[in-house]
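**Student:** Below you will find the structure I want to go over with you.
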Amino acid sequence: MTSTTPAAGRPTVATVYGYPRQGQNRELKKSVEGYWKGRITADALRDTARELRRTNWRHLADAGITEVPTGDFSYYDHVLDTSVMVGAVPERHRVAALADPLDGYFAMARGTQDVAPLEMTKWFDTNYHYLVPELGPDTVFTADSTKQVTELTEALRLGHTARPVLVGPVTYLLLAKPAPGVAADFDPLALLDRLLPVYAQVLADLRAAGAEWVQLDEPALVQDRTPAELNATARAYRELGGSTDRPQLLVASYFDRLGEALPVLAKAPVEGLALDFTEAAAGNLDDLAAVGGLPGKRLVAGVVSGRNIWINDYEKSLSTLGTLLGLADRVDVAASCSLLHVPLDATAERDIDPQVRRWLAFARQKTAEVATLARGLARGTDAIAAELAANRADLASRAGSALTHDPAVRARTAAVTDADGRRAQPYERRAAAQRAHLGLPLLPTTTIGSFPQTTELRTARADLRAGRIDTAGYEDRIEAEIREVLAFQEKAGIDVLVHGEPERNDMVQYFAEQLTGYLATQHGWVQSYGTRYVRPPVLAGDISRPDPMTVRWTTYARSRTSKPVKGMLTGPVTMLAWSFVRDDQPLGDTARQVALALRDEVGDLEAAGTSVIQVDEPALRETLPLRAADHAAYLAWATESFRLTTGGVRPDTQIHTHMCYAEFGDIVAAIEDLDADVISLEAARSHMQVAGELAGAGYPREVGPGVWDIHSPRIPSVAEVTALLRKGLGAIPAERLWVNPDCGLKTRGWPETAASLENLVEAARQVRAETAETA
């Protein structure tokens, strides 16, 4: 490899767009939840946040990051922070926000008993959730730069070169929805001219506070955009770039190729672009060359994946960077997106084989990779010869490992036929057999699977790990919890029961720990939303199921009741989406391996007498590629893997699936192609929107649109649930409508769970009676 250096001897900047917020021991989660419960003051929460920011910047600087981000830190969500920055506080939250900005902020995120929160959905195709801005023709924007200026000032006082990072105005409006009461066809992008002066004011405030550069994130531009949206983008950056009272502007995109928006931004009067050059954004390099590069501009090259945890291929990245040197006046090195999406530090994973651990790069390792590549780009490959040699050895170790290649698994997947993924009878005949077999009432009630994970359950798991109780003692505790959950459901009058999943730590991790080919982390926490953190397992090799994973507990639950009990599994797409998936083979191949392992589990559940089996796929929509041209190929392997999981059951075995917090209108055909008998979906925060979408598309199967938003602590009243059910009945016939919460109940407490489910059952009884009278 030849050595290259940037023009004019300018130092190559190493940077990132954001960093994990939670702290080494999830200090932010504990402090925020402590504040909610009244255990700590607002000042104590702010002190914790300030120290976490200081620690993050110090770690970044120590790793060799020469320009640190500010403004990426958030108590709950950075899109919500943007709504506060531009004054887009919903009318129902204004009184709370004016009385106490911090409490008003959390009310928008979580709601109160009397006021609903903002809708929550997935951040593009990641497992991070953002709070959806609510806008309308009467929205008045006002600038509030307090947070952004405060955090920039903190970093500058500590001696860092700092770059504030903001959600860009176009992406902010494209992510927004019409506020309640506003016509559904209202386009928030129509507010662009009203929003731009507010952004201009924030930029002026940041310049006055010492910002030399400000980053405006526009990831929405990597999706398919209309000419009108591209024209709005050009207008936005013509206006912002034309201001004289501003810092230099770096417009960033990530997660996919910028495509038709690239020439728009290349011509805009901004000083720099940040592009993703990882495999996820294949095409950006050729597209950049096609537009003639970025003469006179700064290019920040995202060559280290910010979304996966495998080590970087240094030689490949340096080759890309070398090519980019001919396409821009200045090339700097970065991760492809915020490191919010990966855990903090791989060196903390002491239970993973040291050799395998060398294949992993979490946030701290990625910052070191960025710094190494920047040094290699600036000084030549001789300056990083030792790092290059170690990197080659680690890549070779992974490629040749027995963990990554199991001949038996590969032979089984190669033998799969289309018939393996098809039920023996069509849905109409299966539905009749299932109704006769299960004998359920009209508008049957159920839950999504999990019940509250109590302190006692977490203590029991910790005691088992620490050896304070033996396996028999632990299983006694799990059986007692199952009995309690079943007794409550029977008393409440729920029709199809669940065992509550007390034995499960996480809906993906629980299965990953029992499948070959997966690695589990102990400290690999990643923010999903607010204070909800998960530990995605690492899908490192070929997948198989040595033993049954759920049959023991489902069978025990069935023995304690005469009502149907659902078997509960996580589907193959979600097993991939909520893991750090291997990047050395096509995703479809990995999905087929997982599907076959789950197929074995489905067969064992059915053989043990389980007549209702739910295979959750909440990630099906969120993993949909950002470009429409890529949808068909993804949906083909995604739906095939689900059918492969469930295709071997009898006609009278009812297959359920569940999805949540996403937009489903554009994948209704794929949902039908899953060939599930019943689907439950999030619908409470979106006011039954999904029911109308399914009805409009002619979806013919049974549906359970959620009537209780479980991500808020508020308890829905009977009247509220009945209103949602009546709205659902306007789209879905009563004989195909189920009544259930939006999602699992693991994160809720028992008092609110009991009250909410009792209200849900009562609402179902009332609407059932109304429906019978009408009939």
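Going by the structure tokens order, chains are called A, B, ..., each with residues numbered from 1, while ligands are numbered from 1 in the order shown.
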Based on DSSP run over this structure's backbone, return all residues of region 386-549 of chain A in strand (DSSP E or B), as a ChimeraX atom specification.

**Tutor:** /A:445-446,450,496-497,500,516-519,526-529,532-534,538-544

**Student:** Identify, on the basis of only C-alpha atoms, every residue whose closest approach to region 696-707 of chain A does not exceed 8 Å; exclude the query and any residue fewer than 2 positions from it along the same chain; express the result as a compact mmCIF listing (two decimals) with C-alpha atoms, in the first residue's frame.

**Tutor:**
# COMPACT_ATOMS: atom_id res chain seq x y z
CA TYR A 427 -55.83 -19.22 6.04
CA VAL A 668 -49.01 -4.62 4.35
CA ALA A 669 -48.43 -7.06 1.48
CA GLU A 672 -49.87 -10.87 4.68
CA ASP A 677 -53.15 -16.16 11.64
CA VAL A 678 -53.19 -13.20 14.05
CA ILE A 679 -51.04 -10.07 14.15
CA SER A 680 -50.87 -7.59 17.03
CA LEU A 681 -49.46 -4.12 16.42
CA GLU A 682 -48.81 -0.82 18.20
CA ALA A 683 -51.77 1.50 17.68
CA ALA A 684 -52.49 3.47 20.87
CA MET A 688 -55.55 3.29 15.54
CA VAL A 690 -52.59 1.00 11.57
CA ALA A 691 -56.11 -0.48 11.64
CA GLY A 692 -57.11 1.86 8.84
CA GLU A 693 -53.95 1.07 6.90
CA LEU A 694 -54.61 -2.67 7.10
CA ASP A 709 -49.55 2.45 25.28
CA VAL A 721 -59.93 1.89 25.62
CA LEU A 724 -60.04 3.03 20.64
CA LEU A 725 -61.85 -0.29 20.20
CA GLY A 728 -60.75 -0.18 15.47
CA ILE A 732 -61.64 -4.33 11.27
CA GLU A 735 -64.87 -11.40 14.26
CA ARG A 736 -61.28 -10.52 13.31
CA LEU A 737 -60.46 -7.98 16.05
CA TRP A 738 -58.39 -8.84 19.13
CA VAL A 739 -57.94 -6.70 22.24
CA ASN A 740 -54.41 -6.32 23.63
CA PRO A 741 -51.77 -3.83 24.78
CA ASP A 742 -49.32 -2.31 22.31
CA CYS A 743 -46.36 -4.34 23.51
CA LEU A 760 -58.81 -3.37 29.00

**Student:** Please identify all polymer residues within 12 Å of Leu438 (chain A), counting only C-alpha atoms, omitting same-chain residues fewer than 6 positions from it, and present them as a list in words.

**Tutor:** Arg430, Ala431, Ala432, Pro444, Asp495, Val496, Ser562, Lys563, Pro564, Val565, Lys566, Thr610, Ser611, Val612, Asp652, Thr653 and Gln654 of chain A

**Student:** Each residue of region 84-176 of chain A lying at most 8 Å from region 208-227 of chain A should get a row with its shortest atom-to-atom pair and the distance in Å to one decimal, counting only C-alpha atoms; could you produce that, ordered by chain and increasing number, as a tab-separated table?

**Tutor:**
residue	atom	partner	partner_atom	distance
A:Val149	CA	A:Ala209	CA	6.4
A:Leu152	CA	A:Ala209	CA	7.5
A:Thr153	CA	A:Ala209	CA	6.7
A:Leu156	CA	A:Gly210	CA	7.9
A:Ala162	CA	A:Ala211	CA	7.2
A:Arg163	CA	A:Val214	CA	5.4
A:Pro164	CA	A:Val214	CA	5.0
A:Val165	CA	A:Gln215	CA	4.6
A:Leu166	CA	A:Leu216	CA	5.0
A:Val167	CA	A:Asp217	CA	4.8
A:Gly168	CA	A:Leu216	CA	4.6
A:Pro169	CA	A:Glu218	CA	7.8
A:Val170	CA	A:Glu218	CA	6.8
A:Thr171	CA	A:Ala220	CA	5.1
A:Leu174	CA	A:Ala220	CA	7.0
A:Leu175	CA	A:Ala220	CA	7.8

**Student:** Just to be explicit: take each residue in the selection above, keep all heavy atoms, and write the result as a tab-separated table (two decimals), in the first residue's frame.

**Tutor:**
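File result-v5.tsv, as written:
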chain	number	residue	atom	x	y	z
A	149	VAL	N	-25.80	25.74	23.51
A	149	VAL	CA	-24.74	26.67	23.91
A	149	VAL	C	-24.07	26.22	25.19
A	149	VAL	O	-22.84	26.28	25.32
A	149	VAL	CB	-25.32	28.09	24.05
A	149	VAL	CG1	-24.31	29.02	24.72
A	149	VAL	CG2	-25.72	28.64	22.68
A	152	LEU	N	-21.68	23.26	24.44
A	152	LEU	CA	-20.51	23.74	23.70
A	152	LEU	C	-19.57	24.48	24.64
A	152	LEU	O	-18.34	24.25	24.61
A	152	LEU	CB	-20.95	24.66	22.56
A	152	LEU	CG	-19.81	25.41	21.85
A	152	LEU	CD1	-18.90	24.44	21.12
A	152	LEU	CD2	-20.38	26.46	20.90
A	153	THR	N	-20.12	25.36	25.46
A	153	THR	CA	-19.29	26.13	26.39
A	153	THR	C	-18.54	25.23	27.35
A	153	THR	O	-17.36	25.44	27.65
A	153	THR	CB	-20.17	27.13	27.15
A	153	THR	OG1	-20.85	27.98	26.21
A	153	THR	CG2	-19.33	27.99	28.08
A	156	LEU	N	-15.56	23.69	25.42
A	156	LEU	CA	-14.52	24.67	25.12
A	156	LEU	C	-13.73	25.03	26.38
A	156	LEU	O	-12.50	25.18	26.33
A	156	LEU	CB	-15.14	25.92	24.50
A	156	LEU	CG	-15.78	25.73	23.10
A	156	LEU	CD1	-16.42	27.04	22.64
A	156	LEU	CD2	-14.75	25.25	22.09
A	162	ALA	N	-14.40	21.65	19.64
A	162	ALA	CA	-15.74	21.06	19.72
A	162	ALA	C	-16.60	21.48	18.53
A	162	ALA	O	-16.47	22.60	18.01
A	162	ALA	CB	-16.43	21.49	21.01
A	163	ARG	N	-17.47	20.58	18.11
A	163	ARG	CA	-18.38	20.82	16.99
A	163	ARG	C	-19.80	20.45	17.42
A	163	ARG	O	-20.11	19.27	17.61
A	163	ARG	CB	-17.97	19.97	15.79
A	163	ARG	CG	-18.81	20.20	14.53
A	163	ARG	CD	-18.47	19.19	13.43
A	163	ARG	NE	-18.91	17.85	13.77
A	163	ARG	CZ	-18.12	16.86	14.16
A	163	ARG	NH1	-16.82	17.05	14.29
A	163	ARG	NH2	-18.62	15.66	14.43
A	164	PRO	N	-20.68	21.43	17.63
A	164	PRO	CA	-22.08	21.10	17.95
A	164	PRO	C	-22.73	20.29	16.83
A	164	PRO	O	-22.47	20.52	15.65
A	164	PRO	CB	-22.74	22.47	18.10
A	164	PRO	CG	-21.61	23.41	18.43
A	164	PRO	CD	-20.43	22.88	17.66
A	165	VAL	N	-23.57	19.34	17.22
A	165	VAL	CA	-24.29	18.48	16.28
A	165	VAL	C	-25.78	18.68	16.49
A	165	VAL	O	-26.28	18.49	17.60
A	165	VAL	CB	-23.91	17.00	16.48
A	165	VAL	CG1	-24.69	16.11	15.52
A	165	VAL	CG2	-22.41	16.80	16.30
A	166	LEU	N	-26.50	19.07	15.45
A	166	LEU	CA	-27.94	19.30	15.51
A	166	LEU	C	-28.64	18.44	14.47
A	166	LEU	O	-28.08	18.14	13.41
A	166	LEU	CB	-28.27	20.77	15.20
A	166	LEU	CG	-27.50	21.86	15.92
A	166	LEU	CD1	-27.95	23.22	15.40
A	166	LEU	CD2	-27.71	21.77	17.42
A	167	VAL	N	-29.88	18.04	14.76
A	167	VAL	CA	-30.72	17.45	13.71
A	167	VAL	C	-31.02	18.55	12.71
A	167	VAL	O	-31.44	19.65	13.08
A	167	VAL	CB	-32.02	16.89	14.30
A	167	VAL	CG1	-32.94	16.39	13.19
A	167	VAL	CG2	-31.73	15.78	15.30
A	168	GLY	N	-30.79	18.28	11.43
A	168	GLY	CA	-30.99	19.30	10.40
A	168	GLY	C	-32.45	19.65	10.21
A	168	GLY	O	-33.35	18.85	10.52
A	169	PRO	N	-32.74	20.85	9.69
A	169	PRO	CA	-34.14	21.29	9.57
A	169	PRO	C	-34.97	20.45	8.63
A	169	PRO	O	-36.17	20.25	8.87
A	169	PRO	CB	-33.99	22.74	9.06
A	169	PRO	CG	-32.64	22.79	8.41
A	169	PRO	CD	-31.78	21.86	9.20
A	170	VAL	N	-34.38	19.96	7.55
A	170	VAL	CA	-35.16	19.16	6.60
A	170	VAL	C	-35.53	17.82	7.22
A	170	VAL	O	-36.69	17.38	7.17
A	170	VAL	CB	-34.38	18.98	5.28
A	170	VAL	CG1	-35.17	18.10	4.31
A	170	VAL	CG2	-34.08	20.34	4.65
A	171	THR	N	-34.55	17.15	7.81
A	171	THR	CA	-34.84	15.87	8.47
A	171	THR	C	-35.85	16.05	9.59
A	171	THR	O	-36.77	15.23	9.76
A	171	THR	CB	-33.54	15.25	9.01
A	171	THR	OG1	-32.76	14.79	7.90
A	171	THR	CG2	-33.81	14.07	9.92
A	174	LEU	N	-39.23	16.28	8.01
A	174	LEU	CA	-39.62	15.03	7.36
A	174	LEU	C	-39.96	13.94	8.38
A	174	LEU	O	-40.73	13.02	8.08
A	174	LEU	CB	-38.50	14.55	6.42
A	174	LEU	CG	-38.30	15.39	5.16
A	174	LEU	CD1	-37.06	14.93	4.40
A	174	LEU	CD2	-39.52	15.32	4.25
A	175	LEU	N	-39.40	14.03	9.57
A	175	LEU	CA	-39.72	13.06	10.62
A	175	LEU	C	-41.01	13.40	11.37
A	175	LEU	O	-41.54	12.57	12.10
A	175	LEU	CB	-38.57	12.99	11.64
A	175	LEU	CG	-37.23	12.42	11.16
A	175	LEU	CD1	-36.21	12.47	12.28
A	175	LEU	CD2	-37.39	11.00	10.65

**Student:** Quick one: distance from CA of Leu321 (chain A) to CA of Ile384 (chain A) in Å, one decimal?

**Tutor:**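 Pair CA of Leu321 (chain A) / CA of Ile384 (chain A) returns 14.8 Å.
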
**Student:** Among region 565-735 of chain A, which ones does DSSP assign to alpha helix (DSSP H) (computed from the backbone)? Answer as a compact mmCIF listing (two decimals) with N, CA, C and O atoms, in the first residue's frame.

**Tutor:**
# COMPACT_ATOMS: atom_id res chain seq x y z
N PRO A 572 -37.05 -14.73 13.51
CA PRO A 572 -35.69 -14.69 12.97
C PRO A 572 -35.23 -13.30 12.55
O PRO A 572 -34.06 -12.95 12.73
N VAL A 573 -36.11 -12.48 11.97
CA VAL A 573 -35.69 -11.14 11.56
C VAL A 573 -35.31 -10.31 12.78
O VAL A 573 -34.30 -9.60 12.79
N THR A 574 -36.12 -10.39 13.83
CA THR A 574 -35.82 -9.65 15.05
C THR A 574 -34.58 -10.19 15.74
O THR A 574 -33.81 -9.42 16.35
N MET A 575 -34.36 -11.49 15.67
CA MET A 575 -33.13 -12.06 16.23
C MET A 575 -31.90 -11.46 15.55
O MET A 575 -30.85 -11.29 16.17
N LEU A 576 -32.04 -11.13 14.25
CA LEU A 576 -30.94 -10.47 13.55
C LEU A 576 -30.90 -8.98 13.88
O LEU A 576 -29.85 -8.44 14.22
N ALA A 577 -32.06 -8.33 13.78
CA ALA A 577 -32.10 -6.87 13.89
C ALA A 577 -31.67 -6.40 15.26
O ALA A 577 -31.08 -5.32 15.39
N LEU A 587 -27.36 -11.35 4.86
CA LEU A 587 -28.29 -11.43 5.97
C LEU A 587 -29.32 -12.54 5.76
O LEU A 587 -29.74 -13.20 6.72
N GLY A 588 -29.75 -12.74 4.53
CA GLY A 588 -30.73 -13.78 4.26
C GLY A 588 -30.23 -15.17 4.64
O GLY A 588 -31.01 -16.01 5.12
N ASP A 589 -28.96 -15.43 4.44
CA ASP A 589 -28.38 -16.72 4.83
C ASP A 589 -28.43 -16.90 6.34
O ASP A 589 -28.76 -17.98 6.85
N THR A 590 -28.09 -15.85 7.06
CA THR A 590 -28.13 -15.92 8.52
C THR A 590 -29.56 -16.09 9.02
O THR A 590 -29.82 -16.88 9.93
N ALA A 591 -30.50 -15.37 8.40
CA ALA A 591 -31.89 -15.48 8.80
C ALA A 591 -32.42 -16.90 8.62
O ALA A 591 -33.18 -17.41 9.45
N ARG A 592 -32.02 -17.55 7.55
CA ARG A 592 -32.48 -18.93 7.32
C ARG A 592 -31.94 -19.87 8.39
O ARG A 592 -32.65 -20.76 8.86
N GLN A 593 -30.71 -19.68 8.81
CA GLN A 593 -30.16 -20.51 9.89
C GLN A 593 -30.96 -20.33 11.18
O GLN A 593 -31.31 -21.31 11.86
N VAL A 594 -31.24 -19.08 11.54
CA VAL A 594 -32.00 -18.82 12.76
C VAL A 594 -33.41 -19.39 12.64
O VAL A 594 -33.95 -19.97 13.59
N ALA A 595 -34.02 -19.25 11.46
CA ALA A 595 -35.37 -19.75 11.26
C ALA A 595 -35.45 -21.26 11.47
O ALA A 595 -36.41 -21.77 12.07
N LEU A 596 -34.46 -21.98 10.98
CA LEU A 596 -34.48 -23.43 11.16
C LEU A 596 -34.34 -23.82 12.63
O LEU A 596 -34.96 -24.79 13.09
N ALA A 597 -33.53 -23.09 13.37
CA ALA A 597 -33.41 -23.36 14.81
C ALA A 597 -34.73 -23.10 15.51
O ALA A 597 -35.17 -23.89 16.36
N LEU A 598 -35.41 -22.01 15.15
CA LEU A 598 -36.71 -21.70 15.75
C LEU A 598 -37.79 -22.68 15.28
O LEU A 598 -38.72 -22.99 16.04
N ARG A 599 -37.69 -23.17 14.08
CA ARG A 599 -38.65 -24.15 13.58
C ARG A 599 -38.65 -25.39 14.48
O ARG A 599 -39.71 -25.96 14.78
N ASP A 600 -37.47 -25.79 14.91
CA ASP A 600 -37.38 -26.93 15.82
C ASP A 600 -38.13 -26.64 17.12
O ASP A 600 -38.81 -27.50 17.67
N GLU A 601 -38.01 -25.40 17.60
CA GLU A 601 -38.68 -25.03 18.86
C GLU A 601 -40.19 -25.00 18.68
O GLU A 601 -40.94 -25.47 19.55
N VAL A 602 -40.66 -24.46 17.56
CA VAL A 602 -42.10 -24.43 17.28
C VAL A 602 -42.65 -25.86 17.24
O VAL A 602 -43.72 -26.16 17.81
N GLY A 603 -41.94 -26.75 16.60
CA GLY A 603 -42.39 -28.13 16.53
C GLY A 603 -42.48 -28.78 17.89
O GLY A 603 -43.43 -29.51 18.19
N ASP A 604 -41.51 -28.50 18.75
CA ASP A 604 -41.53 -29.08 20.09
C ASP A 604 -42.66 -28.50 20.94
O ASP A 604 -43.28 -29.21 21.74
N LEU A 605 -42.94 -27.20 20.78
CA LEU A 605 -44.06 -26.60 21.51
C LEU A 605 -45.38 -27.24 21.09
O LEU A 605 -46.22 -27.59 21.94
N GLU A 606 -45.57 -27.38 19.80
CA GLU A 606 -46.81 -27.98 19.32
C GLU A 606 -46.94 -29.43 19.79
O GLU A 606 -48.01 -29.86 20.24
N ALA A 607 -45.85 -30.18 19.73
CA ALA A 607 -45.88 -31.58 20.17
C ALA A 607 -46.21 -31.70 21.64
O ALA A 607 -46.81 -32.69 22.08
N HIS A 631 -36.21 -2.86 -1.22
CA HIS A 631 -37.26 -3.46 -0.39
C HIS A 631 -37.57 -4.90 -0.78
O HIS A 631 -37.70 -5.78 0.08
N ALA A 632 -37.75 -5.15 -2.07
CA ALA A 632 -38.22 -6.47 -2.50
C ALA A 632 -37.27 -7.58 -2.09
O ALA A 632 -37.70 -8.63 -1.59
N ALA A 633 -35.98 -7.36 -2.28
CA ALA A 633 -35.01 -8.41 -1.92
C ALA A 633 -35.04 -8.67 -0.41
O ALA A 633 -35.00 -9.82 0.02
N TYR A 634 -35.11 -7.61 0.38
CA TYR A 634 -35.16 -7.78 1.84
C TYR A 634 -36.43 -8.52 2.26
O TYR A 634 -36.37 -9.49 3.02
N LEU A 635 -37.58 -8.06 1.78
CA LEU A 635 -38.83 -8.67 2.21
C LEU A 635 -38.93 -10.12 1.77
O LEU A 635 -39.57 -10.94 2.44
N ALA A 636 -38.29 -10.47 0.68
CA ALA A 636 -38.32 -11.86 0.22
C ALA A 636 -37.67 -12.78 1.24
O ALA A 636 -38.26 -13.81 1.63
N TRP A 637 -36.45 -12.43 1.70
CA TRP A 637 -35.82 -13.33 2.66
C TRP A 637 -36.42 -13.18 4.06
O TRP A 637 -36.46 -14.15 4.84
N ALA A 638 -36.91 -11.98 4.39
CA ALA A 638 -37.48 -11.77 5.73
C ALA A 638 -38.77 -12.57 5.91
O ALA A 638 -38.96 -13.25 6.93
N THR A 639 -39.67 -12.49 4.94
CA THR A 639 -40.92 -13.24 5.06
C THR A 639 -40.68 -14.74 4.92
O THR A 639 -41.35 -15.54 5.58
N GLU A 640 -39.74 -15.13 4.07
CA GLU A 640 -39.42 -16.55 3.93
C GLU A 640 -38.94 -17.12 5.27
O GLU A 640 -39.31 -18.23 5.66
N SER A 641 -38.11 -16.35 5.97
CA SER A 641 -37.57 -16.87 7.23
C SER A 641 -38.68 -17.05 8.27
O SER A 641 -38.65 -18.01 9.05
N PHE A 642 -39.67 -16.14 8.28
CA PHE A 642 -40.79 -16.31 9.20
C PHE A 642 -41.59 -17.55 8.84
O PHE A 642 -41.93 -18.38 9.71
N ARG A 643 -41.92 -17.71 7.57
CA ARG A 643 -42.70 -18.88 7.16
C ARG A 643 -41.93 -20.17 7.40
O ARG A 643 -42.51 -21.20 7.74
N LEU A 644 -40.63 -20.13 7.25
CA LEU A 644 -39.83 -21.31 7.52
C LEU A 644 -39.90 -21.68 9.00
O LEU A 644 -39.92 -22.86 9.36
N THR A 645 -39.99 -20.67 9.86
CA THR A 645 -40.13 -20.91 11.30
C THR A 645 -41.45 -21.57 11.63
O THR A 645 -41.52 -22.48 12.46
N THR A 646 -42.53 -21.14 10.97
CA THR A 646 -43.88 -21.55 11.38
C THR A 646 -44.57 -22.51 10.42
O THR A 646 -45.67 -22.99 10.72
N VAL A 668 -47.85 -3.78 4.07
CA VAL A 668 -49.01 -4.62 4.35
C VAL A 668 -48.95 -5.92 3.54
O VAL A 668 -49.28 -7.00 4.05
N ALA A 669 -48.53 -5.84 2.30
CA ALA A 669 -48.43 -7.06 1.48
C ALA A 669 -47.45 -8.05 2.10
O ALA A 669 -47.69 -9.26 2.10
N ALA A 670 -46.36 -7.53 2.64
CA ALA A 670 -45.38 -8.41 3.27
C ALA A 670 -45.94 -9.01 4.56
O ALA A 670 -45.68 -10.18 4.88
N ILE A 671 -46.70 -8.22 5.31
CA ILE A 671 -47.33 -8.75 6.52
C ILE A 671 -48.26 -9.91 6.18
O ILE A 671 -48.27 -10.94 6.86
N GLU A 672 -49.01 -9.77 5.10
CA GLU A 672 -49.87 -10.87 4.68
C GLU A 672 -49.04 -12.07 4.23
O GLU A 672 -49.41 -13.23 4.47
N ASP A 673 -47.89 -11.80 3.62
CA ASP A 673 -47.05 -12.88 3.13
C ASP A 673 -46.41 -13.68 4.26
O ASP A 673 -45.92 -14.79 4.04
N GLN A 689 -54.22 4.25 13.75
CA GLN A 689 -53.87 4.49 12.35
C GLN A 689 -53.62 3.19 11.61
O GLN A 689 -54.04 3.02 10.45
N VAL A 690 -52.95 2.23 12.26
CA VAL A 690 -52.59 1.00 11.57
C VAL A 690 -53.82 0.18 11.19
O VAL A 690 -53.82 -0.51 10.17
N ALA A 691 -54.90 0.26 11.98
CA ALA A 691 -56.11 -0.48 11.64
C ALA A 691 -56.66 0.00 10.30
O ALA A 691 -57.07 -0.80 9.45
N GLY A 692 -56.66 1.32 10.11
CA GLY A 692 -57.11 1.86 8.84
C GLY A 692 -56.21 1.48 7.69
O GLY A 692 -56.68 1.21 6.58
N GLU A 693 -54.90 1.45 7.95
CA GLU A 693 -53.95 1.07 6.90
C GLU A 693 -54.19 -0.38 6.47
O GLU A 693 -54.18 -0.69 5.27
N LEU A 694 -54.38 -1.26 7.44
CA LEU A 694 -54.61 -2.67 7.10
C LEU A 694 -55.93 -2.85 6.37
O LEU A 694 -56.03 -3.60 5.39
N ALA A 695 -56.96 -2.14 6.85
CA ALA A 695 -58.26 -2.26 6.19
C ALA A 695 -58.20 -1.71 4.77
O ALA A 695 -58.75 -2.30 3.83
N GLY A 696 -57.51 -0.58 4.62
CA GLY A 696 -57.40 0.02 3.29
C GLY A 696 -56.69 -0.88 2.31
O GLY A 696 -56.96 -0.83 1.10
N VAL A 718 -61.25 2.98 31.13
CA VAL A 718 -62.15 2.12 30.36
C VAL A 718 -62.70 2.89 29.16
O VAL A 718 -62.77 2.37 28.04
N ALA A 719 -63.06 4.16 29.40
CA ALA A 719 -63.62 4.96 28.31
C ALA A 719 -62.62 5.16 27.19
O ALA A 719 -62.97 5.12 26.00
N GLU A 720 -61.36 5.36 27.55
CA GLU A 720 -60.32 5.56 26.54
C GLU A 720 -60.14 4.30 25.70
O GLU A 720 -60.02 4.36 24.47
N VAL A 721 -60.12 3.15 26.35
CA VAL A 721 -59.93 1.89 25.62
C VAL A 721 -61.15 1.58 24.76
O VAL A 721 -61.02 1.14 23.61
N THR A 722 -62.35 1.81 25.29
CA THR A 722 -63.54 1.54 24.47
C THR A 722 -63.56 2.44 23.24
O THR A 722 -63.97 2.01 22.15
N ALA A 723 -63.12 3.69 23.41
CA ALA A 723 -63.09 4.60 22.25
C ALA A 723 -62.14 4.08 21.18
O ALA A 723 -62.46 4.12 19.98
N LEU A 724 -60.98 3.59 21.60
CA LEU A 724 -60.04 3.03 20.64
C LEU A 724 -60.61 1.77 19.97
O LEU A 724 -60.46 1.57 18.76
N LEU A 725 -61.28 0.93 20.77
CA LEU A 725 -61.85 -0.29 20.20
C LEU A 725 -62.94 0.04 19.17
O LEU A 725 -63.02 -0.58 18.11
N ARG A 726 -63.77 1.03 19.50
CA ARG A 726 -64.81 1.41 18.54
C ARG A 726 -64.18 1.93 17.25
O ARG A 726 -64.68 1.66 16.15
N LYS A 727 -63.09 2.69 17.40
CA LYS A 727 -62.41 3.17 16.22
C LYS A 727 -61.82 2.00 15.42
O LYS A 727 -61.86 1.98 14.19
N GLY A 728 -61.27 1.01 16.14
CA GLY A 728 -60.75 -0.18 15.47
C GLY A 728 -61.82 -0.94 14.74
O GLY A 728 -61.60 -1.44 13.63
N LEU A 729 -63.02 -1.00 15.35
CA LEU A 729 -64.12 -1.71 14.71
C LEU A 729 -64.60 -1.00 13.45
O LEU A 729 -65.26 -1.62 12.60

**Student:** At a cut-off of 7 Å, using only C-alpha atoms, what residues contact region 400-405 of chain A? Leave out same-chain residues fewer than 6 positions from it and give the result as a PyMOL selection string.

**Tutor:** chain A and resi 517+540-542

**Student:** Based on the selection just made, write all heavy atoms of those residues as a short mmCIF file (atom, residue, chain, number, x, y, z; two decimals), in the first residue's frame.

**Tutor:**
data_model
loop_
_atom_site.label_atom_id
_atom_site.label_comp_id
_atom_site.auth_asym_id
_atom_site.auth_seq_id
_atom_site.Cartn_x
_atom_site.Cartn_y
_atom_site.Cartn_z
N GLY A 517 -23.41 -20.29 18.05
CA GLY A 517 -23.10 -19.23 17.10
C GLY A 517 -23.29 -17.83 17.65
O GLY A 517 -22.82 -16.86 17.05
N ALA A 540 -22.18 -14.29 15.88
CA ALA A 540 -20.79 -14.44 15.42
C ALA A 540 -20.56 -15.58 14.45
O ALA A 540 -19.61 -15.56 13.68
CB ALA A 540 -19.88 -14.62 16.64
N GLY A 541 -21.42 -16.62 14.52
CA GLY A 541 -21.16 -17.80 13.70
C GLY A 541 -22.42 -18.49 13.25
O GLY A 541 -23.53 -17.96 13.39
N ASP A 542 -22.29 -19.70 12.72
CA ASP A 542 -23.44 -20.45 12.24
C ASP A 542 -24.33 -20.88 13.41
O ASP A 542 -23.85 -21.24 14.48
CB ASP A 542 -22.96 -21.67 11.45
CG ASP A 542 -22.36 -21.28 10.11
OD1 ASP A 542 -22.63 -20.16 9.65
OD2 ASP A 542 -21.62 -22.10 9.53
#
